[in-house]
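Engineer: One file: data21.txt (compact mmCIF, C-alpha atoms).
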```txt
# COMPACT_ATOMS: atom_id res chain seq x y z
CA MET A 1 -145.87 -39.81 95.60
CA THR A 2 -142.23 -39.05 96.23
CA LYS A 3 -141.37 -38.85 99.92
CA THR A 4 -139.64 -35.78 101.26
CA VAL A 5 -137.03 -35.70 104.03
CA ALA A 6 -139.68 -34.57 106.52
CA ASP A 7 -141.81 -37.63 105.74
CA TYR A 8 -139.14 -39.92 107.21
CA ILE A 9 -138.85 -38.03 110.50
CA ARG A 10 -140.73 -39.33 113.52
CA THR A 11 -142.07 -37.07 116.27
CA ILE A 12 -141.84 -38.35 119.84
CA PRO A 13 -143.83 -36.35 122.40
CA ASP A 14 -142.35 -35.48 125.80
CA PHE A 15 -138.69 -36.36 125.09
CA PRO A 16 -136.31 -35.57 126.71
CA HIS A 17 -138.91 -34.03 129.03
CA GLU A 18 -142.60 -33.14 129.14
CA GLY A 19 -143.84 -30.64 126.60
CA ILE A 20 -141.06 -31.21 124.04
CA MET A 21 -142.03 -32.61 120.63
CA PHE A 22 -138.78 -34.39 119.79
CA ARG A 23 -138.02 -34.61 116.05
CA ASP A 24 -136.35 -37.99 115.71
CA VAL A 25 -134.00 -38.39 112.73
CA THR A 26 -133.20 -42.04 113.50
CA THR A 27 -136.13 -43.13 111.33
CA LEU A 28 -134.72 -41.03 108.47
CA PHE A 29 -131.21 -42.44 108.93
CA GLY A 30 -132.47 -46.01 109.28
CA ASP A 31 -134.28 -45.96 105.94
CA ALA A 32 -131.94 -46.60 103.00
CA GLU A 33 -133.84 -44.23 100.70
CA GLY A 34 -134.36 -41.57 103.35
CA PHE A 35 -130.73 -41.55 104.41
CA LYS A 36 -129.55 -41.42 100.80
CA LEU A 37 -131.95 -38.56 100.06
CA ALA A 38 -130.69 -36.48 103.02
CA ILE A 39 -127.00 -37.04 102.32
CA ASP A 40 -127.37 -36.47 98.59
CA LEU A 41 -129.22 -33.18 99.15
CA LEU A 42 -126.51 -31.97 101.54
CA VAL A 43 -123.70 -33.02 99.21
CA GLU A 44 -125.31 -31.55 96.09
CA ALA A 45 -125.85 -28.22 97.83
CA PHE A 46 -122.11 -27.80 98.40
CA ARG A 47 -120.65 -29.53 95.36
CA GLY A 48 -119.70 -26.19 93.76
CA THR A 49 -118.41 -24.53 96.97
CA ARG A 50 -114.77 -24.66 98.02
CA ILE A 51 -114.78 -26.53 101.33
CA ASP A 52 -111.68 -27.82 103.12
CA LYS A 53 -113.22 -29.58 106.11
CA VAL A 54 -116.61 -30.75 107.36
CA ALA A 55 -117.19 -30.24 111.09
CA GLY A 56 -119.80 -32.58 112.59
CA LEU A 57 -121.39 -31.67 115.92
CA GLU A 58 -121.67 -34.45 118.52
CA ALA A 59 -123.38 -36.83 118.20
CA ARG A 60 -125.95 -37.00 115.38
CA GLY A 61 -123.92 -34.53 113.33
CA PHE A 62 -121.23 -37.21 113.16
CA ILE A 63 -123.54 -39.55 111.23
CA LEU A 64 -124.29 -36.92 108.60
CA GLY A 65 -120.91 -35.21 108.65
CA GLY A 66 -118.86 -38.35 108.02
CA ALA A 67 -120.89 -39.17 104.92
CA VAL A 68 -120.86 -35.60 103.63
CA ALA A 69 -117.10 -35.19 104.21
CA HIS A 70 -116.34 -38.41 102.36
CA HIS A 71 -118.50 -37.39 99.41
CA LEU A 72 -116.89 -33.97 99.20
CA ASP A 73 -113.42 -35.60 99.46
CA VAL A 74 -112.43 -33.57 102.51
CA GLY A 75 -111.44 -34.34 106.09
CA PHE A 76 -113.90 -34.63 108.98
CA VAL A 77 -113.50 -32.69 112.24
CA ALA A 78 -115.41 -33.57 115.42
CA VAL A 79 -116.81 -30.81 117.64
CA ARG A 80 -117.42 -32.66 120.89
CA LYS A 81 -118.85 -32.30 124.34
CA LYS A 82 -116.42 -31.50 127.12
CA GLY A 83 -113.80 -34.10 128.00
CA LYS A 84 -114.21 -36.40 125.00
CA LEU A 85 -111.31 -35.29 122.80
CA PRO A 86 -107.92 -36.76 123.72
CA GLY A 87 -105.59 -34.02 122.43
CA ASN A 88 -105.18 -30.35 123.36
CA THR A 89 -108.48 -28.54 122.95
CA ILE A 90 -110.10 -25.14 123.09
CA ALA A 91 -113.59 -24.76 124.58
CA GLU A 92 -116.70 -22.58 124.27
CA ASP A 93 -119.69 -22.57 126.61
CA TYR A 94 -123.27 -22.19 125.47
CA ASP A 95 -126.55 -21.76 127.30
CA LEU A 96 -129.00 -24.56 127.92
CA GLU A 97 -132.53 -24.20 129.23
CA TYR A 98 -131.05 -24.68 132.70
CA GLY A 99 -127.32 -23.91 133.07
CA THR A 100 -124.59 -24.15 130.46
CA ALA A 101 -122.73 -26.79 128.47
CA THR A 102 -119.36 -26.79 126.73
CA MET A 103 -118.22 -27.78 123.24
CA GLU A 104 -114.57 -28.50 122.42
CA ILE A 105 -112.40 -28.88 119.35
CA HIS A 106 -108.81 -30.05 118.96
CA GLU A 107 -106.61 -26.98 118.66
CA ASP A 108 -104.89 -28.51 115.60
CA ALA A 109 -108.12 -29.62 113.92
CA ILE A 110 -108.36 -26.60 111.61
CA GLU A 111 -105.57 -24.76 109.80
CA PRO A 112 -105.82 -20.97 109.54
CA GLY A 113 -107.68 -20.04 106.36
CA GLU A 114 -109.49 -23.37 105.98
CA ARG A 115 -113.08 -23.18 104.81
CA VAL A 116 -115.37 -25.26 107.01
CA LEU A 117 -118.89 -26.61 106.57
CA ILE A 118 -120.73 -27.28 109.86
CA VAL A 119 -123.20 -30.20 109.81
CA ASP A 120 -125.74 -31.21 112.43
CA ASP A 121 -129.13 -32.90 112.45
CA LEU A 122 -131.16 -30.04 113.90
CA VAL A 123 -131.02 -26.34 114.66
CA ALA A 124 -133.14 -25.26 117.62
CA THR A 125 -131.85 -22.24 119.58
CA GLY A 126 -128.56 -22.37 117.65
CA GLY A 127 -126.46 -22.48 120.82
CA THR A 128 -124.37 -25.50 119.89
CA ALA A 129 -123.80 -24.28 116.35
CA ALA A 130 -122.86 -20.77 117.53
CA ALA A 131 -120.33 -22.22 120.00
CA SER A 132 -118.92 -24.38 117.20
CA ILE A 133 -118.60 -21.39 114.88
CA ARG A 134 -116.70 -19.49 117.58
CA LEU A 135 -114.36 -22.48 118.08
CA ILE A 136 -113.57 -22.78 114.38
CA GLU A 137 -113.06 -19.03 114.00
CA ARG A 138 -110.71 -18.96 117.02
CA LEU A 139 -108.55 -21.49 115.12
CA GLY A 140 -108.51 -19.18 112.09
CA GLY A 141 -111.03 -21.17 110.08
CA GLU A 142 -113.87 -19.64 108.11
CA VAL A 143 -117.31 -21.22 108.53
CA VAL A 144 -118.71 -20.95 105.01
CA HIS A 145 -122.06 -22.58 105.72
CA ALA A 146 -124.00 -24.48 108.38
CA ALA A 147 -126.23 -27.33 107.19
CA PHE A 148 -129.01 -29.10 109.08
CA VAL A 149 -131.63 -31.67 108.31
CA ILE A 150 -134.23 -29.92 110.47
CA ASP A 151 -134.87 -26.30 111.40
CA LEU A 152 -137.20 -25.41 114.26
CA PRO A 153 -137.90 -21.82 113.16
CA ASP A 154 -139.90 -20.91 116.27
CA LEU A 155 -136.74 -21.25 118.35
CA GLY A 156 -134.83 -18.74 116.24
CA GLY A 157 -131.54 -20.62 115.82
CA ALA A 158 -131.24 -19.90 112.12
CA ARG A 159 -131.24 -16.16 112.86
CA VAL A 160 -128.62 -16.58 115.59
CA ILE A 161 -126.31 -18.33 113.13
CA GLU A 162 -126.96 -15.88 110.28
CA ASN A 163 -126.20 -13.01 112.68
CA LEU A 164 -122.72 -14.55 113.03
CA GLY A 165 -122.33 -14.14 109.26
CA VAL A 166 -122.86 -17.82 108.46
CA PRO A 167 -125.53 -18.75 105.90
CA ILE A 168 -127.60 -21.80 106.73
CA LEU A 169 -129.25 -24.61 104.81
CA SER A 170 -131.95 -26.80 106.34
CA LEU A 171 -133.65 -29.63 104.48
CA CYS A 172 -136.97 -29.23 106.29
CA ALA A 173 -138.66 -27.28 109.09
CA PHE A 174 -141.15 -28.07 111.82
CA GLU A 175 -143.28 -25.31 113.29
CA GLY A 176 -144.18 -25.12 116.94
CA ALA A 177 -141.24 -26.64 118.75
CA MET B 1 -94.15 -44.00 99.94
CA THR B 2 -97.88 -44.63 100.20
CA LYS B 3 -99.26 -43.96 103.66
CA THR B 4 -101.23 -46.67 105.43
CA VAL B 5 -104.21 -46.12 107.71
CA ALA B 6 -101.97 -46.59 110.76
CA ASP B 7 -99.70 -43.77 109.60
CA TYR B 8 -102.52 -41.23 110.08
CA ILE B 9 -103.31 -42.30 113.66
CA ARG B 10 -101.86 -40.28 116.53
CA THR B 11 -100.99 -41.80 119.89
CA ILE B 12 -101.73 -39.74 122.99
CA PRO B 13 -100.14 -41.03 126.22
CA ASP B 14 -102.13 -41.11 129.48
CA PHE B 15 -105.62 -40.48 128.06
CA PRO B 16 -108.24 -40.91 129.48
CA HIS B 17 -106.03 -41.83 132.44
CA GLU B 18 -102.41 -42.62 133.27
CA GLY B 19 -100.84 -45.60 131.59
CA ILE B 20 -103.22 -45.69 128.61
CA MET B 21 -101.74 -45.12 125.14
CA PHE B 22 -104.80 -43.63 123.44
CA ARG B 23 -105.00 -44.31 119.68
CA ASP B 24 -106.55 -41.14 118.30
CA VAL B 25 -108.41 -41.49 115.01
CA THR B 26 -109.26 -37.79 114.77
CA THR B 27 -106.03 -37.19 112.85
CA LEU B 28 -107.06 -39.92 110.41
CA PHE B 29 -110.57 -38.51 110.00
CA GLY B 30 -109.30 -34.94 109.66
CA ASP B 31 -107.03 -35.75 106.74
CA ALA B 32 -108.91 -35.86 103.42
CA GLU B 33 -106.74 -38.67 102.03
CA GLY B 34 -106.65 -40.62 105.29
CA PHE B 35 -110.41 -40.45 105.80
CA LYS B 36 -111.05 -41.45 102.19
CA LEU B 37 -108.62 -44.37 102.50
CA ALA B 38 -110.32 -45.71 105.65
CA ILE B 39 -113.87 -45.40 104.31
CA ASP B 40 -112.96 -46.82 100.92
CA LEU B 41 -111.28 -49.86 102.50
CA LEU B 42 -114.33 -50.52 104.69
CA VAL B 43 -116.75 -50.09 101.79
CA GLU B 44 -114.73 -52.23 99.37
CA ALA B 45 -114.51 -55.05 101.91
CA PHE B 46 -118.30 -55.38 102.01
CA ARG B 47 -119.27 -54.44 98.47
CA GLY B 48 -120.05 -58.08 97.60
CA THR B 49 -121.81 -58.95 100.87
CA ARG B 50 -125.57 -58.65 101.32
CA ILE B 51 -126.01 -56.05 104.05
CA ASP B 52 -129.32 -54.42 105.00
CA LYS B 53 -128.18 -51.99 107.70
CA VAL B 54 -124.99 -50.49 109.11
CA ALA B 55 -124.97 -50.11 112.90
CA GLY B 56 -122.57 -47.44 114.17
CA LEU B 57 -121.51 -47.50 117.81
CA GLU B 58 -121.54 -44.18 119.70
CA ALA B 59 -119.76 -41.92 119.08
CA ARG B 60 -116.80 -42.36 116.71
CA GLY B 61 -118.56 -45.29 115.04
CA PHE B 62 -121.15 -42.76 113.84
CA ILE B 63 -118.55 -40.91 111.76
CA LEU B 64 -117.46 -44.07 109.96
CA GLY B 65 -120.84 -45.79 109.94
CA GLY B 66 -122.71 -42.92 108.28
CA ALA B 67 -120.23 -42.81 105.42
CA VAL B 68 -120.16 -46.61 105.01
CA ALA B 69 -123.96 -46.93 105.12
CA HIS B 70 -124.39 -44.24 102.49
CA HIS B 71 -121.86 -45.89 100.19
CA LEU B 72 -123.46 -49.29 100.56
CA ASP B 73 -126.91 -47.71 99.91
CA VAL B 74 -128.36 -48.98 103.19
CA GLY B 75 -129.84 -47.41 106.30
CA PHE B 76 -127.85 -46.40 109.37
CA VAL B 77 -128.75 -47.51 112.89
CA ALA B 78 -127.31 -45.89 116.02
CA VAL B 79 -126.30 -48.01 119.00
CA ARG B 80 -126.13 -45.45 121.79
CA LYS B 81 -125.22 -44.97 125.38
CA LYS B 82 -128.06 -45.13 127.90
CA GLY B 83 -130.73 -42.43 127.76
CA LYS B 84 -129.84 -40.89 124.39
CA LEU B 85 -132.41 -42.54 122.12
CA PRO B 86 -135.88 -40.95 122.17
CA GLY B 87 -138.03 -43.95 121.24
CA ASN B 88 -138.65 -47.31 122.92
CA THR B 89 -135.35 -49.11 123.44
CA ILE B 90 -133.84 -52.36 124.62
CA ALA B 91 -130.60 -52.32 126.64
CA GLU B 92 -127.53 -54.45 127.32
CA ASP B 93 -124.91 -53.86 130.00
CA TYR B 94 -121.20 -54.42 129.52
CA ASP B 95 -118.23 -54.36 131.85
CA LEU B 96 -115.85 -51.46 132.14
CA GLU B 97 -112.56 -51.45 134.01
CA TYR B 98 -114.52 -50.18 137.01
CA GLY B 99 -118.25 -50.89 137.01
CA THR B 100 -120.59 -51.33 134.05
CA ALA B 101 -122.11 -49.26 131.24
CA THR B 102 -125.16 -49.73 129.07
CA MET B 103 -125.78 -49.61 125.32
CA GLU B 104 -129.25 -49.17 123.84
CA ILE B 105 -130.95 -49.57 120.47
CA HIS B 106 -134.42 -48.57 119.29
CA GLU B 107 -136.60 -51.66 119.41
CA ASP B 108 -137.83 -50.93 115.87
CA ALA B 109 -134.37 -50.19 114.45
CA ILE B 110 -133.85 -53.66 112.97
CA GLU B 111 -136.38 -55.93 111.27
CA PRO B 112 -136.16 -59.67 111.95
CA GLY B 113 -133.88 -61.30 109.38
CA GLU B 114 -131.98 -58.12 108.50
CA ARG B 115 -128.25 -58.52 107.93
CA VAL B 116 -126.28 -55.94 109.89
CA LEU B 117 -122.70 -54.67 109.67
CA ILE B 118 -121.34 -53.22 112.92
CA VAL B 119 -118.85 -50.34 112.55
CA ASP B 120 -116.70 -48.70 115.21
CA ASP B 121 -113.32 -47.00 115.32
CA LEU B 122 -111.57 -49.38 117.69
CA VAL B 123 -111.89 -52.82 119.28
CA ALA B 124 -110.24 -53.13 122.70
CA THR B 125 -111.87 -55.62 125.09
CA GLY B 126 -114.83 -56.01 122.74
CA GLY B 127 -117.38 -55.18 125.44
CA THR B 128 -119.24 -52.49 123.53
CA ALA B 129 -119.32 -54.54 120.34
CA ALA B 130 -120.48 -57.69 122.16
CA ALA B 131 -123.32 -55.74 123.83
CA SER B 132 -124.26 -54.32 120.42
CA ILE B 133 -124.30 -57.78 118.85
CA ARG B 134 -126.61 -59.02 121.60
CA LEU B 135 -128.94 -56.04 121.05
CA ILE B 136 -129.17 -56.63 117.30
CA GLU B 137 -129.70 -60.38 117.75
CA ARG B 138 -132.46 -59.77 120.32
CA LEU B 139 -134.28 -57.80 117.58
CA GLY B 140 -133.93 -60.76 115.22
CA GLY B 141 -131.09 -59.27 113.18
CA GLU B 142 -128.01 -61.16 112.05
CA VAL B 143 -124.64 -59.46 112.58
CA VAL B 144 -122.77 -60.55 109.49
CA HIS B 145 -119.51 -58.72 110.27
CA ALA B 146 -117.96 -56.22 112.66
CA ALA B 147 -115.51 -53.70 111.16
CA PHE B 148 -113.01 -51.49 112.96
CA VAL B 149 -110.26 -49.12 111.99
CA ILE B 150 -108.02 -50.27 114.87
CA ASP B 151 -107.60 -53.55 116.72
CA LEU B 152 -105.75 -53.70 120.03
CA PRO B 153 -104.96 -57.43 119.91
CA ASP B 154 -103.43 -57.57 123.42
CA LEU B 155 -106.87 -56.77 124.87
CA GLY B 156 -108.49 -59.77 123.18
CA GLY B 157 -111.64 -58.09 121.84
CA ALA B 158 -111.42 -59.67 118.40
CA ARG B 159 -111.59 -63.13 120.00
CA VAL B 160 -114.58 -62.11 122.14
CA ILE B 161 -116.47 -61.04 119.01
CA GLU B 162 -115.47 -64.07 116.96
CA ASN B 163 -116.62 -66.31 119.83
CA LEU B 164 -120.08 -64.80 119.28
CA GLY B 165 -119.91 -66.09 115.71
CA VAL B 166 -119.22 -62.69 114.15
CA PRO B 167 -116.18 -62.34 111.85
CA ILE B 168 -114.19 -59.15 112.23
CA LEU B 169 -112.23 -56.85 109.96
CA SER B 170 -109.74 -54.32 111.29
CA LEU B 171 -107.73 -51.97 109.09
CA CYS B 172 -104.72 -51.88 111.42
CA ALA B 173 -103.49 -53.08 114.81
CA PHE B 174 -101.42 -51.62 117.63
CA GLU B 175 -99.59 -53.94 120.02
CA GLY B 176 -99.26 -53.27 123.71
CA ALA B 177 -102.39 -51.39 124.69
```
Translate the structure described by the file into C-alpha cells.
Structural biologist:
Amino acid sequence: MTKTVADYIRTIPDFPHEGIMFRDVTTLFGDAEGFKLAIDLLVEAFRGTRIDKVAGLEARGFILGGAVAHHLDVGFVAVRKKGKLPGNTIAEDYDLEYGTATMEIHEDAIEPGERVLIVDDLVATGGTAAASIRLIERLGGEVVHAAFVIDLPDLGGARVIENLGVPILSLCAFEGA
Amino acid sequence: MTKTVADYIRTIPDFPHEGIMFRDVTTLFGDAEGFKLAIDLLVEAFRGTRIDKVAGLEARGFILGGAVAHHLDVGFVAVRKKGKLPGNTIAEDYDLEYGTATMEIHEDAIEPGERVLIVDDLVATGGTAAASIRLIERLGGEVVHAAFVIDLPDLGGARVIENLGVPILSLCAFEGA
C-alpha cells in the first residue's frame, strides 16, 4: 500500500515536556521517498500560483522552504528567532505557553508587492506563522499562502492564519495535540 | 557579465561582534538566480557520487541541505544544536572562541555503511563540521564529502576537515576573516 506523508511521521511522547505528543518530522525528512513525497506535494500545489519568494520559518521550515523555493525558481527568505540575522531587521513578538518569543526578518528581504509563500513543518497555535505574516506585510509583501506538513487542528492555528486572510495548506493532520 | 556566487554575498562588519566581517548568505538565498546557482553547483558536483543521505548543519545548512537532498533523491538528516532533537541523540562538543558548544544527531538518523554528504553555508574554523563528522562516523556512516558555499581559508577549517579524511568543496572563498 502506498505510504502517506503521515505514515513517515514519528510521535515522541513528553517532548519538549510532559504531556506533549511531539510530531517528529525528522523521520519523514530522513526517508528519501518520504522527503520527496512531501516536497513534491508542496511544489505541485503552488506550481500554478504566482509566487516571488518562499519564506521558511526557523528552523525546520528552512529544510522544506529551501527545497520548495529552488523548485519554484524563486528566492528563499529566512524568518528567524531574535538575534540571528546579521543585517537590519524588524521584529514581531508572539505568545508562548509561558511568556513571549520574537521572530525577525531582514528589512530588505521582501520588496513591496512581492507575493510570498510561508513554509513550516507544523502549525499548532499559529503564533509563529501569524508573527511571520505580520513581518512580511509590514515590508509590503503579500502572503499568498501558508503551507505546512502537519496541522494540529485542536490547537486552532489554521483558523488564526485564515483570519489574517491567508489560506493554508497542510499535508496531514493529527488530532489531540 | 555573469555573476558568481560570491557576487551575491553581502558583508556585514562587526557581526556578531566587533572586528568580525560577517559573510551574509541571506542575500544569495533571497535572489532567485543566486539561490538557483548555488544549489545547482552543489547538486552537479555530486550527481555522479553515490550518496545515501545529506546532513545539513543547523541552521543555514538546513536551507541548502534540504534543496540538495531533494535534488539528489535522498533523505535529509539534521545535525542540531543541543536540546533541539526530540528523539534519542548522541552528542559531540566543539570549541568556540570562548567556551564550547554541542551538536547532536538522532541515534537512528544514519544506518551503518550509509554514505553521507555534509552541507553548510560556511566553513570557518571547521569546529561544527568536525563535530558533525564525528557524530556521523559514530553511527557507522561514512562522510564522503563536506560542501560549503563559503570558505574562510585564513581560519583553517578546510584543513581541519581534510585531516579527518573528508574532502571538501566550497563555492567561493573570502580572505581575511
Engineer: Could you fit chain A onto chain B by least squares over every C-alpha atom, paired in order, and give me the moved chain as a compact mmCIF listing (two decimals) with C-alpha atoms, in the coordinates of the input?
Structural biologist:
```
# COMPACT_ATOMS: atom_id res chain seq x y z
CA MET A 1 -94.17 -43.97 99.95
CA THR A 2 -97.88 -44.63 100.21
CA LYS A 3 -99.27 -43.96 103.67
CA THR A 4 -101.23 -46.66 105.43
CA VAL A 5 -104.22 -46.13 107.73
CA ALA A 6 -101.98 -46.59 110.78
CA ASP A 7 -99.71 -43.77 109.62
CA TYR A 8 -102.52 -41.24 110.10
CA ILE A 9 -103.32 -42.31 113.67
CA ARG A 10 -101.88 -40.30 116.53
CA THR A 11 -101.00 -41.82 119.91
CA ILE A 12 -101.72 -39.74 123.00
CA PRO A 13 -100.16 -41.04 126.22
CA ASP A 14 -102.14 -41.11 129.48
CA PHE A 15 -105.64 -40.49 128.05
CA PRO A 16 -108.24 -40.91 129.45
CA HIS A 17 -106.04 -41.82 132.42
CA GLU A 18 -102.42 -42.59 133.27
CA GLY A 19 -100.87 -45.60 131.61
CA ILE A 20 -103.23 -45.70 128.61
CA MET A 21 -101.75 -45.13 125.14
CA PHE A 22 -104.81 -43.65 123.44
CA ARG A 23 -105.01 -44.33 119.68
CA ASP A 24 -106.55 -41.16 118.32
CA VAL A 25 -108.44 -41.51 115.01
CA THR A 26 -109.28 -37.80 114.78
CA THR A 27 -106.04 -37.20 112.86
CA LEU A 28 -107.06 -39.94 110.40
CA PHE A 29 -110.57 -38.52 110.00
CA GLY A 30 -109.31 -34.95 109.68
CA ASP A 31 -107.03 -35.75 106.75
CA ALA A 32 -108.91 -35.87 103.43
CA GLU A 33 -106.74 -38.68 102.06
CA GLY A 34 -106.66 -40.63 105.31
CA PHE A 35 -110.40 -40.46 105.80
CA LYS A 36 -111.05 -41.46 102.19
CA LEU A 37 -108.62 -44.37 102.50
CA ALA A 38 -110.33 -45.72 105.65
CA ILE A 39 -113.87 -45.40 104.31
CA ASP A 40 -112.97 -46.83 100.92
CA LEU A 41 -111.28 -49.86 102.50
CA LEU A 42 -114.33 -50.52 104.69
CA VAL A 43 -116.75 -50.10 101.79
CA GLU A 44 -114.73 -52.23 99.37
CA ALA A 45 -114.51 -55.05 101.91
CA PHE A 46 -118.30 -55.39 102.01
CA ARG A 47 -119.27 -54.45 98.47
CA GLY A 48 -120.04 -58.09 97.58
CA THR A 49 -121.81 -58.96 100.87
CA ARG A 50 -125.56 -58.65 101.32
CA ILE A 51 -126.00 -56.05 104.06
CA ASP A 52 -129.31 -54.43 105.02
CA LYS A 53 -128.19 -51.99 107.70
CA VAL A 54 -124.99 -50.50 109.12
CA ALA A 55 -124.97 -50.10 112.91
CA GLY A 56 -122.57 -47.43 114.18
CA LEU A 57 -121.50 -47.50 117.83
CA GLU A 58 -121.55 -44.18 119.71
CA ALA A 59 -119.77 -41.92 119.09
CA ARG A 60 -116.81 -42.37 116.71
CA GLY A 61 -118.57 -45.29 115.03
CA PHE A 62 -121.15 -42.77 113.84
CA ILE A 63 -118.54 -40.92 111.77
CA LEU A 64 -117.47 -44.08 109.98
CA GLY A 65 -120.85 -45.79 109.94
CA GLY A 66 -122.73 -42.92 108.29
CA ALA A 67 -120.25 -42.82 105.41
CA VAL A 68 -120.16 -46.59 105.01
CA ALA A 69 -123.97 -46.92 105.12
CA HIS A 70 -124.39 -44.24 102.47
CA HIS A 71 -121.85 -45.89 100.19
CA LEU A 72 -123.47 -49.29 100.56
CA ASP A 73 -126.91 -47.70 99.92
CA VAL A 74 -128.37 -48.97 103.19
CA GLY A 75 -129.86 -47.40 106.30
CA PHE A 76 -127.84 -46.39 109.37
CA VAL A 77 -128.75 -47.51 112.90
CA ALA A 78 -127.31 -45.87 116.02
CA VAL A 79 -126.29 -48.01 119.01
CA ARG A 80 -126.13 -45.43 121.79
CA LYS A 81 -125.23 -44.94 125.40
CA LYS A 82 -128.05 -45.11 127.90
CA GLY A 83 -130.72 -42.42 127.75
CA LYS A 84 -129.84 -40.88 124.38
CA LEU A 85 -132.41 -42.53 122.11
CA PRO A 86 -135.87 -40.94 122.15
CA GLY A 87 -138.03 -43.95 121.22
CA ASN A 88 -138.64 -47.30 122.92
CA THR A 89 -135.35 -49.10 123.43
CA ILE A 90 -133.83 -52.34 124.61
CA ALA A 91 -130.60 -52.30 126.64
CA GLU A 92 -127.52 -54.44 127.31
CA ASP A 93 -124.90 -53.85 129.99
CA TYR A 94 -121.20 -54.43 129.51
CA ASP A 95 -118.23 -54.36 131.85
CA LEU A 96 -115.85 -51.45 132.14
CA GLU A 97 -112.55 -51.43 134.00
CA TYR A 98 -114.52 -50.17 137.01
CA GLY A 99 -118.27 -50.89 137.00
CA THR A 100 -120.59 -51.32 134.04
CA ALA A 101 -122.09 -49.26 131.23
CA THR A 102 -125.17 -49.73 129.07
CA MET A 103 -125.77 -49.61 125.31
CA GLU A 104 -129.25 -49.16 123.82
CA ILE A 105 -130.94 -49.55 120.47
CA HIS A 106 -134.41 -48.57 119.29
CA GLU A 107 -136.60 -51.66 119.41
CA ASP A 108 -137.83 -50.93 115.86
CA ALA A 109 -134.37 -50.19 114.45
CA ILE A 110 -133.85 -53.67 112.98
CA GLU A 111 -136.38 -55.93 111.27
CA PRO A 112 -136.16 -59.67 111.95
CA GLY A 113 -133.88 -61.29 109.38
CA GLU A 114 -131.97 -58.11 108.50
CA ARG A 115 -128.25 -58.51 107.94
CA VAL A 116 -126.27 -55.93 109.90
CA LEU A 117 -122.70 -54.67 109.67
CA ILE A 118 -121.35 -53.21 112.94
CA VAL A 119 -118.84 -50.34 112.57
CA ASP A 120 -116.69 -48.70 115.22
CA ASP A 121 -113.31 -46.99 115.33
CA LEU A 122 -111.57 -49.40 117.70
CA VAL A 123 -111.89 -52.81 119.28
CA ALA A 124 -110.24 -53.13 122.69
CA THR A 125 -111.86 -55.62 125.09
CA GLY A 126 -114.83 -56.01 122.73
CA GLY A 127 -117.36 -55.19 125.44
CA THR A 128 -119.24 -52.51 123.53
CA ALA A 129 -119.31 -54.54 120.33
CA ALA A 130 -120.48 -57.69 122.16
CA ALA A 131 -123.31 -55.74 123.82
CA SER A 132 -124.26 -54.32 120.41
CA ILE A 133 -124.29 -57.78 118.84
CA ARG A 134 -126.60 -59.02 121.61
CA LEU A 135 -128.93 -56.04 121.04
CA ILE A 136 -129.17 -56.64 117.30
CA GLU A 137 -129.69 -60.38 117.75
CA ARG A 138 -132.45 -59.77 120.32
CA LEU A 139 -134.27 -57.80 117.59
CA GLY A 140 -133.91 -60.76 115.21
CA GLY A 141 -131.08 -59.26 113.18
CA GLU A 142 -128.02 -61.16 112.06
CA VAL A 143 -124.65 -59.47 112.60
CA VAL A 144 -122.75 -60.54 109.48
CA HIS A 145 -119.51 -58.73 110.27
CA ALA A 146 -117.95 -56.22 112.66
CA ALA A 147 -115.52 -53.70 111.17
CA PHE A 148 -113.01 -51.48 112.97
CA VAL A 149 -110.26 -49.12 112.01
CA ILE A 150 -108.03 -50.27 114.88
CA ASP A 151 -107.60 -53.56 116.72
CA LEU A 152 -105.73 -53.71 120.02
CA PRO A 153 -104.94 -57.44 119.91
CA ASP A 154 -103.44 -57.56 123.40
CA LEU A 155 -106.86 -56.79 124.86
CA GLY A 156 -108.49 -59.76 123.15
CA GLY A 157 -111.64 -58.09 121.82
CA ALA A 158 -111.41 -59.67 118.39
CA ARG A 159 -111.59 -63.13 119.98
CA VAL A 160 -114.57 -62.12 122.12
CA ILE A 161 -116.47 -61.04 119.01
CA GLU A 162 -115.45 -64.08 116.95
CA ASN A 163 -116.61 -66.31 119.82
CA LEU A 164 -120.07 -64.79 119.28
CA GLY A 165 -119.92 -66.09 115.70
CA VAL A 166 -119.21 -62.69 114.14
CA PRO A 167 -116.18 -62.35 111.85
CA ILE A 168 -114.19 -59.16 112.23
CA LEU A 169 -112.23 -56.85 109.96
CA SER A 170 -109.74 -54.32 111.31
CA LEU A 171 -107.74 -51.98 109.11
CA CYS A 172 -104.73 -51.88 111.42
CA ALA A 173 -103.50 -53.09 114.82
CA PHE A 174 -101.42 -51.63 117.62
CA GLU A 175 -99.58 -53.93 119.99
CA GLY A 176 -99.22 -53.24 123.68
CA ALA A 177 -102.37 -51.38 124.63
```
Engineer: Which residues are close to range 75-89 of chain A, i.e. within 6 Å by all atoms listed in the file, leaving aside same-chain residues fewer than 6 positions away? Reply as a PyMOL selection string.
Structural biologist: (chain A and resi 53-58+69+102-107) or (chain B and resi 29-32)
Engineer: Just the residues within 8 Å of Val166 in chain B, please, counting all atoms listed in the file, with nothing from its chain fewer than 5 positions along; format it as a list in words.
Structural biologist: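 Those residues are Val143, Val144, His145, Ala146 and Ile161 of chain B.
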Engineer: Go ahead and save the residues from that selection, with C-alpha atoms, as a PDB file, in the coordinates of the input.
Structural biologist:
```
ATOM      1  CA  VAL B 143    -124.640 -59.460 112.580  1.00  0.00           C
ATOM      2  CA  VAL B 144    -122.770 -60.550 109.490  1.00  0.00           C
ATOM      3  CA  HIS B 145    -119.510 -58.720 110.270  1.00  0.00           C
ATOM      4  CA  ALA B 146    -117.960 -56.220 112.660  1.00  0.00           C
ATOM      5  CA  ILE B 161    -116.470 -61.040 119.010  1.00  0.00           C
TER       6      ILE B 161
END
```
Engineer: Around range 55-72 of chain A, fit a box with edges along x, y and z, padding it by 8 Å on each side, then list its centre and edge lengths in Å to one decimal as AutoDock Vina command-line options.
Structural biologist:
```
--center_x -121.1 --center_y -34.9 --center_z 108.9 --size_x 25.6 --size_y 25.3 --size_z 35.3
```
Engineer: Between A:Asp120, A:Asp7, A:Asp52, A:Glu44, single out the one closest to chain B, counting only C-alpha atoms.
Structural biologist: A:Asp52
Engineer: List the residues sitting within 9 Å of (-139.7, -22.2, 115.5) in the file's frame, using only C-alpha atoms, as a count of residues only.
Structural biologist: 14
Engineer: Kindly indicate which residue among A:Glu97, A:Met1, A:Val119, A:Leu64 lies nearest to His17 in chain A, using only C-alpha atoms for the distances.
Structural biologist: A:Glu97
